[in-house]
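What follows is work.txt (compact mmCIF, C-alpha atoms).
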# COMPACT_ATOMS: atom_id res chain seq x y z
CA MET N 86 166.42 -36.78 19.97
CA SER N 87 168.23 -39.80 18.54
CA GLU N 88 169.95 -39.85 15.13
CA ALA N 89 167.74 -37.70 12.97
CA ILE N 90 167.11 -39.06 9.50
CA VAL N 91 167.37 -36.31 6.93
CA LYS N 92 165.66 -37.01 3.62
CA LYS N 93 165.75 -35.08 0.38
CA PHE N 94 162.37 -33.49 -0.30
CA MET N 95 161.69 -31.76 -3.59
CA PHE N 96 158.66 -29.59 -4.27
CA VAL N 97 158.00 -29.39 -8.01
CA ASN N 98 155.98 -26.29 -8.93
CA ARG N 99 154.55 -26.22 -12.46
CA LYS N 100 151.46 -23.98 -12.23
CA ALA N 101 151.02 -20.24 -12.60
CA PRO N 102 150.06 -18.51 -9.33
CA TYR N 103 146.40 -17.39 -9.47
CA GLY N 104 144.59 -19.57 -12.04
CA THR N 105 144.62 -22.56 -9.69
CA ILE N 106 145.28 -23.08 -5.98
CA TYR N 107 148.38 -25.30 -6.54
CA ALA N 108 151.01 -22.57 -6.07
CA LEU N 109 149.64 -21.29 -2.77
CA GLU N 110 149.05 -24.82 -1.46
CA SER N 111 152.61 -25.78 -2.30
CA LEU N 112 154.00 -22.72 -0.53
CA GLU N 113 152.02 -23.50 2.62
CA VAL N 114 153.20 -27.10 2.66
CA VAL N 115 156.79 -25.92 2.19
CA LEU N 116 156.51 -23.60 5.20
CA ILE N 117 155.18 -26.44 7.34
CA ALA N 118 157.76 -28.93 6.05
CA ALA N 119 160.53 -26.46 6.89
CA THR N 120 159.79 -27.14 10.57
CA PHE N 121 161.03 -30.71 10.25
CA ASP N 122 164.68 -29.93 9.42
CA GLN N 123 164.77 -31.94 6.20
CA ASP N 124 166.77 -31.26 3.06
CA VAL N 125 164.16 -29.24 1.16
CA SER N 126 164.49 -27.94 -2.37
CA LEU N 127 161.98 -26.06 -4.50
CA VAL N 128 161.88 -26.42 -8.24
CA PHE N 129 160.05 -24.10 -10.63
CA LEU N 130 159.24 -25.54 -14.05
CA ASP N 131 156.97 -24.56 -16.94
CA ASP N 132 154.31 -22.01 -15.82
CA GLY N 133 155.56 -22.49 -12.25
CA VAL N 134 158.28 -19.91 -12.98
CA PHE N 135 155.52 -17.25 -13.08
CA GLN N 136 155.10 -17.74 -9.32
CA LEU N 137 158.40 -15.91 -8.82
CA LYS N 138 157.74 -13.04 -11.25
CA LYS N 139 158.51 -9.62 -9.74
CA GLY N 140 155.86 -6.93 -9.46
CA GLN N 141 152.68 -8.96 -8.85
CA GLN N 142 149.73 -6.66 -8.02
CA THR N 143 146.60 -8.57 -7.05
CA LYS N 144 144.31 -5.77 -5.83
CA GLY N 145 142.31 -5.83 -9.06
CA ILE N 146 141.45 -9.52 -8.76
CA GLU N 147 140.73 -9.33 -5.01
CA THR N 148 143.09 -12.18 -4.25
CA LYS N 149 145.89 -12.31 -1.69
CA ASN N 150 149.28 -11.59 -3.22
CA PHE N 151 151.43 -14.33 -1.73
CA SER N 152 154.50 -13.60 -3.82
CA PRO N 153 156.26 -11.65 -0.99
CA THR N 154 156.24 -14.86 1.05
CA TYR N 155 158.83 -16.46 -1.25
CA ARG N 156 161.26 -13.88 0.13
CA ALA N 157 160.65 -15.22 3.65
CA LEU N 158 161.78 -18.74 2.69
CA GLU N 159 165.34 -17.82 3.64
CA ASP N 160 164.18 -17.18 7.23
CA TYR N 161 162.74 -20.70 7.19
CA ASP N 162 166.14 -22.06 6.07
CA VAL N 163 164.71 -23.05 2.69
CA GLU N 164 167.54 -21.89 0.49
CA LYS N 165 167.61 -24.32 -2.43
CA LEU N 166 165.51 -22.75 -5.17
CA TYR N 167 165.97 -24.04 -8.71
CA VAL N 168 164.47 -22.72 -11.94
CA GLU N 169 164.71 -24.40 -15.32
CA LYS N 170 166.35 -22.25 -17.99
CA GLU N 171 164.20 -23.61 -20.83
CA SER N 172 161.02 -22.67 -18.92
CA LEU N 173 162.29 -19.12 -18.41
CA ASP N 174 163.35 -18.79 -22.06
CA ALA N 175 160.00 -20.06 -23.33
CA ARG N 176 158.26 -17.29 -21.35
CA GLY N 177 160.57 -14.43 -22.25
CA LEU N 178 161.91 -14.27 -18.71
CA SER N 179 165.35 -14.29 -17.13
CA ALA N 180 166.58 -14.65 -13.53
CA ASP N 181 166.47 -10.82 -13.23
CA ASP N 182 162.68 -10.94 -13.53
CA LEU N 183 162.39 -13.09 -10.41
CA LEU N 184 161.82 -11.77 -6.89
CA VAL N 185 164.27 -14.13 -5.16
CA ASP N 186 167.76 -15.43 -5.89
CA VAL N 187 167.58 -18.79 -7.64
CA THR N 188 169.89 -21.29 -9.26
CA VAL N 189 169.12 -21.64 -12.96
CA LEU N 190 169.59 -25.18 -14.32
CA GLY N 191 169.23 -26.71 -17.78
CA SER N 192 166.63 -29.44 -18.36
CA ALA N 193 169.13 -32.29 -18.05
CA GLU N 194 170.58 -31.03 -14.76
CA MET N 195 167.07 -30.51 -13.44
CA GLY N 196 166.09 -34.07 -14.39
CA ALA N 197 169.19 -35.46 -12.68
CA LEU N 198 168.44 -33.47 -9.52
CA MET N 199 164.91 -34.88 -9.52
CA ASP N 200 166.26 -38.44 -9.75
CA GLU N 201 168.33 -37.89 -6.57
CA GLN N 202 165.35 -37.11 -4.34
CA ASP N 203 163.88 -39.38 -1.69
CA VAL N 204 160.49 -37.72 -1.91
CA VAL N 205 159.01 -35.64 -4.73
CA LEU N 206 155.89 -33.56 -4.05
CA SER N 207 154.15 -32.55 -7.24
CA PHE N 208 152.14 -29.34 -7.63
CA MET K 150 162.14 -42.91 -11.13
CA LEU K 151 158.46 -43.11 -12.09
CA HIS K 152 156.73 -40.29 -13.98
CA ILE K 153 152.93 -40.23 -14.02
CA ILE K 154 151.03 -38.34 -16.71
CA ASN K 155 147.26 -37.80 -16.75
CA LYS K 156 146.62 -35.29 -19.57
CA SER K 157 146.17 -35.88 -23.29
CA PRO K 158 149.32 -34.82 -25.18
CA LEU K 159 147.10 -33.56 -28.01
CA VAL K 160 145.73 -30.64 -26.00
CA ASN K 161 148.19 -30.29 -23.13
CA SER K 162 152.00 -30.00 -23.01
CA THR K 163 152.44 -32.03 -19.81
CA LEU K 164 153.85 -35.17 -21.45
CA ALA K 165 156.19 -33.08 -23.60
CA ASP K 166 157.30 -31.15 -20.49
CA CYS K 167 158.07 -34.43 -18.75
CA LEU K 168 160.06 -35.74 -21.72
CA ARG K 169 162.06 -32.51 -21.83
CA VAL K 170 163.15 -32.65 -18.17
CA ALA K 171 163.11 -36.29 -17.05
CA THR K 172 166.34 -38.20 -17.65
CA GLY K 173 164.83 -41.66 -18.02
CA GLY K 174 163.14 -44.38 -16.01
CA GLU K 175 159.49 -45.33 -16.27
CA ILE K 176 156.42 -43.45 -17.48
CA LEU K 177 152.87 -44.41 -16.59
CA LEU K 178 150.03 -42.96 -18.68
CA ILE K 179 146.68 -42.72 -16.89
CA GLU K 180 143.32 -40.95 -17.40
CA ASP K 181 143.36 -38.77 -20.55
CA ALA K 182 147.08 -39.43 -21.04
CA VAL K 183 146.22 -42.94 -22.30
CA TYR K 184 145.42 -41.41 -25.71
CA ALA K 185 149.20 -40.90 -26.08
CA ALA K 186 149.58 -44.69 -26.13
CA THR K 187 147.09 -45.34 -28.95
CA LYS K 188 148.03 -46.30 -32.50
CA GLY K 189 148.03 -43.49 -35.04
CA ASN K 190 147.68 -40.55 -32.65
CA ALA K 191 149.69 -37.46 -33.59
CA PHE K 192 151.98 -37.78 -30.58
CA GLU K 193 152.95 -41.41 -31.36
CA PRO K 194 156.27 -40.58 -33.11
CA LYS K 195 157.41 -38.58 -30.05
CA LEU K 196 156.36 -41.41 -27.76
CA ASN K 197 158.33 -43.89 -29.91
CA ASP K 198 161.34 -41.63 -29.59
CA ALA K 199 160.85 -41.44 -25.81
CA MET K 200 160.77 -45.24 -25.57
CA LYS K 201 164.52 -45.24 -26.28
CA ARG K 202 165.01 -43.65 -22.84
CA PHE K 203 161.90 -44.73 -20.93
CA LYS K 204 159.85 -47.83 -20.36
CA VAL K 205 156.25 -46.77 -21.01
CA TYR K 206 153.18 -48.21 -19.28
CA VAL K 207 149.51 -47.44 -19.76
CA LEU K 208 146.61 -48.10 -17.41
CA GLN K 209 144.29 -50.61 -19.11
CA PRO K 210 141.05 -49.64 -17.28
CA ASP K 211 141.47 -46.04 -18.51
CA LEU K 212 142.00 -47.27 -22.09
CA ASP K 213 138.95 -49.51 -21.85
CA ALA K 214 136.80 -46.74 -20.42
CA ARG K 215 137.61 -44.63 -23.48
CA GLY K 216 136.92 -47.40 -25.99
CA VAL K 217 140.55 -47.66 -27.08
CA GLY K 218 141.57 -50.81 -25.18
CA ASP K 219 142.32 -52.59 -28.46
CA ARG K 220 144.50 -49.83 -29.91
CA ILE K 221 147.65 -49.87 -27.78
CA ALA K 222 150.69 -48.59 -29.65
CA ALA K 223 153.58 -51.00 -30.12
CA GLY K 224 156.15 -51.09 -27.31
CA VAL K 225 153.78 -49.84 -24.60
CA THR K 226 152.97 -52.18 -21.71
CA ALA K 227 149.44 -52.26 -20.33
CA VAL K 228 149.00 -52.61 -16.56
CA ASP K 229 146.00 -52.98 -14.25
CA TYR K 230 145.62 -51.25 -10.85
CA GLY K 231 147.87 -53.86 -9.23
CA GLY K 232 150.54 -53.06 -11.80
CA PHE K 233 150.12 -49.35 -11.00
CA VAL K 234 150.84 -50.09 -7.34
CA ASP K 235 153.88 -52.23 -8.25
CA LEU K 236 155.32 -49.37 -10.30
CA THR K 237 155.04 -46.91 -7.43
CA VAL K 238 156.52 -49.40 -4.96
CA ASN K 239 159.41 -50.50 -7.19
CA ASN K 240 160.60 -46.98 -7.97
CA LYS K 241 162.61 -44.91 -5.50
CA ASN K 242 160.48 -41.84 -6.13
CA CYS K 243 157.68 -40.54 -8.28
CA GLN K 244 156.66 -37.27 -9.94
CA SER K 245 153.08 -36.63 -11.00
CA TRP K 246 153.11 -34.13 -13.87
CA LEU K 247 149.79 -32.55 -12.90
CA MET M 232 132.23 -16.63 13.74
CA ALA M 233 132.16 -14.39 16.79
CA ASN M 234 132.31 -10.72 17.58
CA ILE M 235 134.20 -8.43 19.92
CA GLU M 236 133.09 -4.95 20.89
CA VAL M 237 135.81 -2.36 21.33
CA ALA M 238 135.10 1.35 21.95
CA GLY M 239 131.54 0.97 20.67
CA ASN M 240 132.49 -0.81 17.44
CA ASN M 241 131.90 -4.43 16.52
CA TYR M 242 134.64 -6.53 14.98
CA GLU M 243 134.37 -10.01 13.54
CA THR M 244 136.66 -12.74 14.92
CA ASP M 245 136.94 -16.48 14.33
CA GLU M 246 136.07 -19.07 17.00
CA GLU M 247 139.54 -18.75 18.51
CA GLY M 248 139.39 -14.96 18.72
CA TYR M 249 141.59 -14.04 15.75
CA LEU M 250 140.45 -10.94 13.86
CA VAL M 251 138.83 -11.86 10.54
CA ASN M 252 139.62 -8.61 8.74
CA LEU M 253 143.26 -7.73 9.17
CA THR M 254 142.55 -4.10 8.30
CA ASP M 255 140.25 -3.72 11.33
CA TRP M 256 143.20 -3.78 13.70
CA ASN M 257 144.16 -0.85 15.91
CA ALA M 258 145.86 -0.32 19.27
CA ASP M 259 142.55 -0.37 21.18
CA ILE M 260 141.71 -3.77 19.74
CA ALA M 261 145.19 -5.03 20.61
CA ASN M 262 144.74 -3.89 24.22
CA TYR M 263 141.29 -5.48 24.35
CA ILE M 264 142.48 -8.85 23.04
CA ALA M 265 145.50 -8.70 25.37
CA LYS M 266 143.19 -8.22 28.35
CA THR M 267 141.15 -11.29 27.37
CA GLU M 268 144.46 -13.18 27.31
CA ASN M 269 145.42 -11.82 30.76
CA ILE M 270 148.33 -9.84 29.39
CA ASP M 271 149.21 -6.33 30.55
CA MET M 272 150.72 -4.66 27.54
CA THR M 273 154.15 -3.08 28.19
CA ASP M 274 156.66 -1.47 25.82
CA GLN M 275 158.33 -4.87 25.52
CA HIS M 276 155.04 -6.43 24.40
CA TRP M 277 154.46 -3.66 21.87
CA GLU M 278 157.94 -4.12 20.49
CA VAL M 279 157.09 -7.72 19.57
CA ILE M 280 153.61 -6.83 18.28
CA ASN M 281 155.03 -4.10 16.06
CA PHE M 282 157.72 -6.44 14.84
CA LEU M 283 155.07 -9.02 13.87
CA ARG M 284 153.00 -6.40 12.07
CA GLU M 285 156.04 -5.27 10.09
CA TYR M 286 157.00 -8.85 9.28
CA PHE M 287 153.50 -9.53 7.98
CA GLU M 288 153.46 -6.30 5.99
CA GLU M 289 156.68 -7.33 4.26
CA TYR M 290 156.18 -11.09 3.75
CA GLN M 291 152.40 -11.60 4.02
CA ILE M 292 152.75 -14.34 6.64
CA ALA M 293 152.86 -14.59 10.41
CA PRO M 294 156.25 -16.20 11.07
CA ALA M 295 156.61 -19.57 12.84
CA VAL M 296 157.94 -19.24 16.41
CA ARG M 297 161.40 -20.47 15.43
CA VAL M 298 161.57 -17.92 12.63
CA LEU M 299 160.21 -15.13 14.81
CA THR M 300 162.74 -15.85 17.55
CA LYS M 301 165.64 -15.76 15.12
CA ALA M 302 164.40 -12.62 13.36
CA ILE M 303 163.83 -10.78 16.65
CA GLY M 304 167.33 -11.73 17.73
CA LYS M 305 168.70 -10.25 14.54
CA LYS M 306 166.76 -7.01 14.88
CA LEU M 307 166.43 -6.40 18.62
CA GLY M 308 169.41 -8.30 20.02
CA ALA M 309 170.16 -11.76 21.38
CA GLU M 310 168.75 -10.96 24.85
CA LYS M 311 165.32 -10.68 23.19
CA GLY M 312 165.76 -13.29 20.47
CA ASN M 313 165.22 -16.31 22.69
CA SER M 314 162.19 -18.35 23.74
CA GLU M 315 162.59 -17.61 27.44
CA TYR M 316 162.17 -13.88 26.87
CA LEU M 317 159.34 -14.25 24.35
CA TYR M 318 157.39 -16.85 26.33
CA GLY M 319 157.88 -14.60 29.38
CA LEU M 320 155.92 -11.92 27.53
CA PHE M 321 153.43 -14.27 25.87
CA PRO M 322 153.04 -17.40 28.03
CA TYR M 323 150.75 -19.15 25.55
CA GLY M 324 153.28 -18.77 22.78
CA PRO M 325 154.73 -15.81 20.93
CA GLY M 326 153.28 -17.24 17.73
CA LYS M 327 149.73 -17.98 18.78
CA GLN M 328 149.13 -15.32 21.40
CA ALA M 329 151.16 -12.42 20.03
CA CYS M 330 149.72 -12.89 16.53
CA LYS M 331 146.22 -12.75 17.95
CA ILE M 332 146.97 -9.45 19.70
CA ALA M 333 148.68 -8.17 16.55
CA GLY M 334 145.53 -8.88 14.56
CA LEU M 335 147.28 -11.43 12.35
CA PRO M 336 146.27 -14.95 11.37
CA LYS M 337 147.66 -17.87 13.33
CA PRO M 338 151.13 -18.76 11.99
CA THR M 339 151.11 -21.38 9.22
CA GLY M 340 151.72 -24.81 10.68
CA CYS M 341 150.61 -23.73 14.16
CA VAL M 342 147.83 -25.94 15.56

If you took the structure in this file and wrote it as structure tokens, what would it be?
Amino acid sequence: MSEAIVKKFMFVNRKAPYGTIYALESLEVVLIAATFDQDVSLVFLDDGVFQLKKGQQTKGIETKNFSPTYRALEDYDVEKLYVEKESLDARGLSADDLLVDVTVLGSAEMGALMDEQDVVLSF
Amino acid sequence: MLHIINKSPLVNSTLADCLRVATGGEILLIEDAVYAATKGNAFEPKLNDAMKRFKVYVLQPDLDARGVGDRIAAGVTAVDYGGFVDLTVNNKNCQSWL
Amino acid sequence: MANIEVAGNNYETDEEGYLVNLTDWNADIANYIAKTENIDMTDQHWEVINFLREYFEEYQIAPAVRVLTKAIGKKLGAEKGNSEYLYGLFPYGPGKQACKIAGLPKPTGCV
């Protein structure tokens, strides 16, 4: 392969996991995108932070619990996970409530990180 | 950077979420978000405040469809579909606050 | 939709032969699917199948080949964590073919 062009891809996740299909769709696209050796980061904002909440039990709603898959992202070399502090605070959550290690950023830092991206995929 | 909003700020926090996180750049209001750009709506003061950091555009056909084409708030620029395309092309990247 | 019959029982599969209900799976079904794929199951094959089952149990996905190869290397040693070894066992791809035998869905992103 000739000089590979690496672009910065950011997936912005703003929806809670089971009310709509956005969260699962985003996760599937991330897993596919991981194949292309790009600079991938995942951002969790607003209700999107609920995607990472520990202890999800979906038996009662007869829906697949895809939350364990976030822990496989490391195997896919997707290691940049960012969560906005204000979104956590507004939902009574902290980083300890999340099922993966994340970097917690303030709104301003998150906005600046978004500006840096070549491609933003919105979910 | 371009930020696209498509929900009314009177029933949905999307525009407020965007204003909290985004550092600046351009905002385009489409679909039900066009109500944010109408004179006298409850969100107008916040939009005026945001216009210190952002240039705000609104999609004219969506205003017209809702019968509020003649009520654009001061400082907001109306664009047609061609203007929509120009905004996406002229910005490095774009986030749709779904 | 299609069906396979193993030991007198009927099991639903998709057009490509992947089990529809993941909970149907058992060793007899694995051996049956392997035979249709012209694979004679050995201990080495089972090692990979069991690994895939455990991976799915933990993460709820069938890993992409690249991920599987790396993870097998970590767990079972470098002599097994390489494509030559894995394709030797599953000529049509350790993702596609092994997942089918393991009763898992096709790995995400695998066409």

* What is the distance between atom CA of M:Asp259 and atom CA of M:Glu236, in Å to one decimal? -> 10.5 Å

* Tell me, as a PyMOL selection string, which residues lie within 9 Å of stretch 204-207 of chain N, counting all atoms listed in the file; anything in the same chain fewer than 2 positions away does not count. => (chain N and resi 92-99+111+199+202) or (chain K and resi 241-247)

Resulting file, chosen residues, C-alpha atoms, as a JSON list (two decimals), in the coordinates of the input:
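Once everything was written out, this is again_13.json:
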[["chain", "number", "residue", "atom", "x", "y", "z"],
["N", 92, "LYS", "CA", 165.66, -37.01, 3.62],
["N", 93, "LYS", "CA", 165.75, -35.08, 0.38],
["N", 94, "PHE", "CA", 162.37, -33.49, -0.30],
["N", 95, "MET", "CA", 161.69, -31.76, -3.59],
["N", 96, "PHE", "CA", 158.66, -29.59, -4.27],
["N", 97, "VAL", "CA", 158.00, -29.39, -8.01],
["N", 98, "ASN", "CA", 155.98, -26.29, -8.93],
["N", 99, "ARG", "CA", 154.55, -26.22, -12.46],
["N", 111, "SER", "CA", 152.61, -25.78, -2.30],
["N", 199, "MET", "CA", 164.91, -34.88, -9.52],
["N", 202, "GLN", "CA", 165.35, -37.11, -4.34],
["K", 241, "LYS", "CA", 162.61, -44.91, -5.50],
["K", 242, "ASN", "CA", 160.48, -41.84, -6.13],
["K", 243, "CYS", "CA", 157.68, -40.54, -8.28],
["K", 244, "GLN", "CA", 156.66, -37.27, -9.94],
["K", 245, "SER", "CA", 153.08, -36.63, -11.00],
["K", 246, "TRP", "CA", 153.11, -34.13, -13.87],
["K", 247, "LEU", "CA", 149.79, -32.55, -12.90]]

* For N:Lys139, work out the shell of residues within 7 Å, counting all atoms listed in the file and skipping chain neighbours fewer than 4 positions away, then give it as a ChimeraX atom specification. => /N:182-184

Output file for the residues above (C-alpha atoms, as a short mmCIF file (atom, residue, chain, number, x, y, z; two decimals), keeping the file's coordinate frame):
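The result, stored in selection_16.cif:
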data_model
loop_
_atom_site.label_atom_id
_atom_site.label_comp_id
_atom_site.auth_asym_id
_atom_site.auth_seq_id
_atom_site.Cartn_x
_atom_site.Cartn_y
_atom_site.Cartn_z
CA ASP N 182 162.68 -10.94 -13.53
CA LEU N 183 162.39 -13.09 -10.41
CA LEU N 184 161.82 -11.77 -6.89
#

Restrict the calculation to only C-alpha atoms, then for each residue of stretch 166-191 of chain K with any atom at most 6 Å from an atom of stretch 213-236 of chain K give the closest atom pair and their distance in Å to one decimal, rows by chain and rising residue number, as a Markdown table.
| residue | atom | partner | partner_atom | distance |
| --- | --- | --- | --- | --- |
| K:Ala186 | CA | K:Ala222 | CA | 5.4 |
| K:Thr187 | CA | K:Ile221 | CA | 4.7 |
| K:Lys188 | CA | K:Ala222 | CA | 4.5 |

* **Check: which chain N residues lie within 12 Å of chain M using all atoms listed in the file, as a list in words** => Glu110, Leu112, Glu113, Val114, Val115, Leu116, Ile117, Ala118, Ala119, Thr120, Phe121, Asp122, Lys149, Asn150, Phe151, Ser152, Pro153, Thr154, Tyr155, Arg156, Ala157, Leu158, Glu159, Asp160, Tyr161, Asp162 and Val163 of chain N

Pull out every residue of chain K sitting within 12 Å of chain N, counting only C-alpha atoms, and send them as a PDB file with C-alpha atoms, in the coordinates of the input.
ATOM      1  CA  MET K 150     162.140 -42.910 -11.130  1.00  0.00           C
ATOM      2  CA  LEU K 151     158.460 -43.110 -12.090  1.00  0.00           C
ATOM      3  CA  HIS K 152     156.730 -40.290 -13.980  1.00  0.00           C
ATOM      4  CA  ILE K 153     152.930 -40.230 -14.020  1.00  0.00           C
ATOM      5  CA  ILE K 154     151.030 -38.340 -16.710  1.00  0.00           C
ATOM      6  CA  SER K 162     152.000 -30.000 -23.010  1.00  0.00           C
ATOM      7  CA  THR K 163     152.440 -32.030 -19.810  1.00  0.00           C
ATOM      8  CA  LEU K 164     153.850 -35.170 -21.450  1.00  0.00           C
ATOM      9  CA  ALA K 165     156.190 -33.080 -23.600  1.00  0.00           C
ATOM     10  CA  ASP K 166     157.300 -31.150 -20.490  1.00  0.00           C
ATOM     11  CA  CYS K 167     158.070 -34.430 -18.750  1.00  0.00           C
ATOM     12  CA  LEU K 168     160.060 -35.740 -21.720  1.00  0.00           C
ATOM     13  CA  ARG K 169     162.060 -32.510 -21.830  1.00  0.00           C
ATOM     14  CA  VAL K 170     163.150 -32.650 -18.170  1.00  0.00           C
ATOM     15  CA  ALA K 171     163.110 -36.290 -17.050  1.00  0.00           C
ATOM     16  CA  THR K 172     166.340 -38.200 -17.650  1.00  0.00           C
ATOM     17  CA  GLY K 173     164.830 -41.660 -18.020  1.00  0.00           C
ATOM     18  CA  GLY K 174     163.140 -44.380 -16.010  1.00  0.00           C
ATOM     19  CA  GLU K 175     159.490 -45.330 -16.270  1.00  0.00           C
ATOM     20  CA  ASN K 240     160.600 -46.980  -7.970  1.00  0.00           C
ATOM     21  CA  LYS K 241     162.610 -44.910  -5.500  1.00  0.00           C
ATOM     22  CA  ASN K 242     160.480 -41.840  -6.130  1.00  0.00           C
ATOM     23  CA  CYS K 243     157.680 -40.540  -8.280  1.00  0.00           C
ATOM     24  CA  GLN K 244     156.660 -37.270  -9.940  1.00  0.00           C
ATOM     25  CA  SER K 245     153.080 -36.630 -11.000  1.00  0.00           C
ATOM     26  CA  TRP K 246     153.110 -34.130 -13.870  1.00  0.00           C
ATOM     27  CA  LEU K 247     149.790 -32.550 -12.900  1.00  0.00           C
TER      28      LEU K 247
END

* Dig up all the protein and nucleic acid residues within 10 Å of (140.9, -9.8, 21.6) in the file frame, using only C-alpha atoms, and format them as a list in words. => Asn234, Ile235, Glu236, Val237, Tyr242, Thr244, Glu247, Gly248, Tyr249, Leu250, Asp259, Ile260, Ala261, Asn262, Tyr263, Ile264, Ala265, Lys266, Thr267, Glu268, Gln328, Lys331, Ile332, Ala333 and Gly334 of chain M

* Structure fact -> Between N:Thr148, N:Tyr103, N:Thr188, N:Glu164, smallest distance to N:Asp132 by all atoms listed in the file belongs to N:Tyr103

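Taking atom CA of M:Asp271 and atom CA of M:Leu320 as endpoints, the distance between them is 9.2 Å.
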
Please enclose the listed atoms of stretch 187-194 of chain K in an axis-aligned box, pad each side by 3 Å, and write out the centre and the three edge lengths in Å, rounded to one decimal, as lines of an AutoDock Vina configuration file.
center_x = 151.7
center_y = -41.9
center_z = -32.0
size_x = 15.2
size_y = 14.8
size_z = 12.1

* Surrounding residues of stretch 306-309 of chain M excluding itself and chain neighbours under 4 positions, 10 Å, all atoms listed in the file, as a list of chain:residue names -> M:Glu278, M:Val279, M:Phe282, M:Thr300, M:Lys301, M:Ala302, M:Asn313, M:Tyr316

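For the pair atom CA of K:Ala182 and atom CA of K:Asn155, the interatomic distance is 4.6 Å.
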
Contact residues around K:Ala191 with only C-alpha atoms at 12 Å, ignoring same-chain residues under 4 positions, as a PDB file with C-alpha atoms, in the frame of the given file:
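Output file out.pdb follows:
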ATOM      1  CA  SER K 157     146.170 -35.880 -23.290  1.00  0.00           C
ATOM      2  CA  PRO K 158     149.320 -34.820 -25.180  1.00  0.00           C
ATOM      3  CA  LEU K 159     147.100 -33.560 -28.010  1.00  0.00           C
ATOM      4  CA  VAL K 160     145.730 -30.640 -26.000  1.00  0.00           C
ATOM      5  CA  TYR K 184     145.420 -41.410 -25.710  1.00  0.00           C
ATOM      6  CA  ALA K 185     149.200 -40.900 -26.080  1.00  0.00           C
ATOM      7  CA  ALA K 186     149.580 -44.690 -26.130  1.00  0.00           C
ATOM      8  CA  THR K 187     147.090 -45.340 -28.950  1.00  0.00           C
ATOM      9  CA  LYS K 195     157.410 -38.580 -30.050  1.00  0.00           C
ATOM     10  CA  LEU K 196     156.360 -41.410 -27.760  1.00  0.00           C
ATOM     11  CA  ASN K 197     158.330 -43.890 -29.910  1.00  0.00           C
ATOM     12  CA  ALA K 222     150.690 -48.590 -29.650  1.00  0.00           C
TER      13      ALA K 222
END

* **Polymer residues at most 6 Å from N:Val189, all atoms listed in the file, same-chain spacing of 5 or more positions, as a ChimeraX atom specification** => /N:167-170
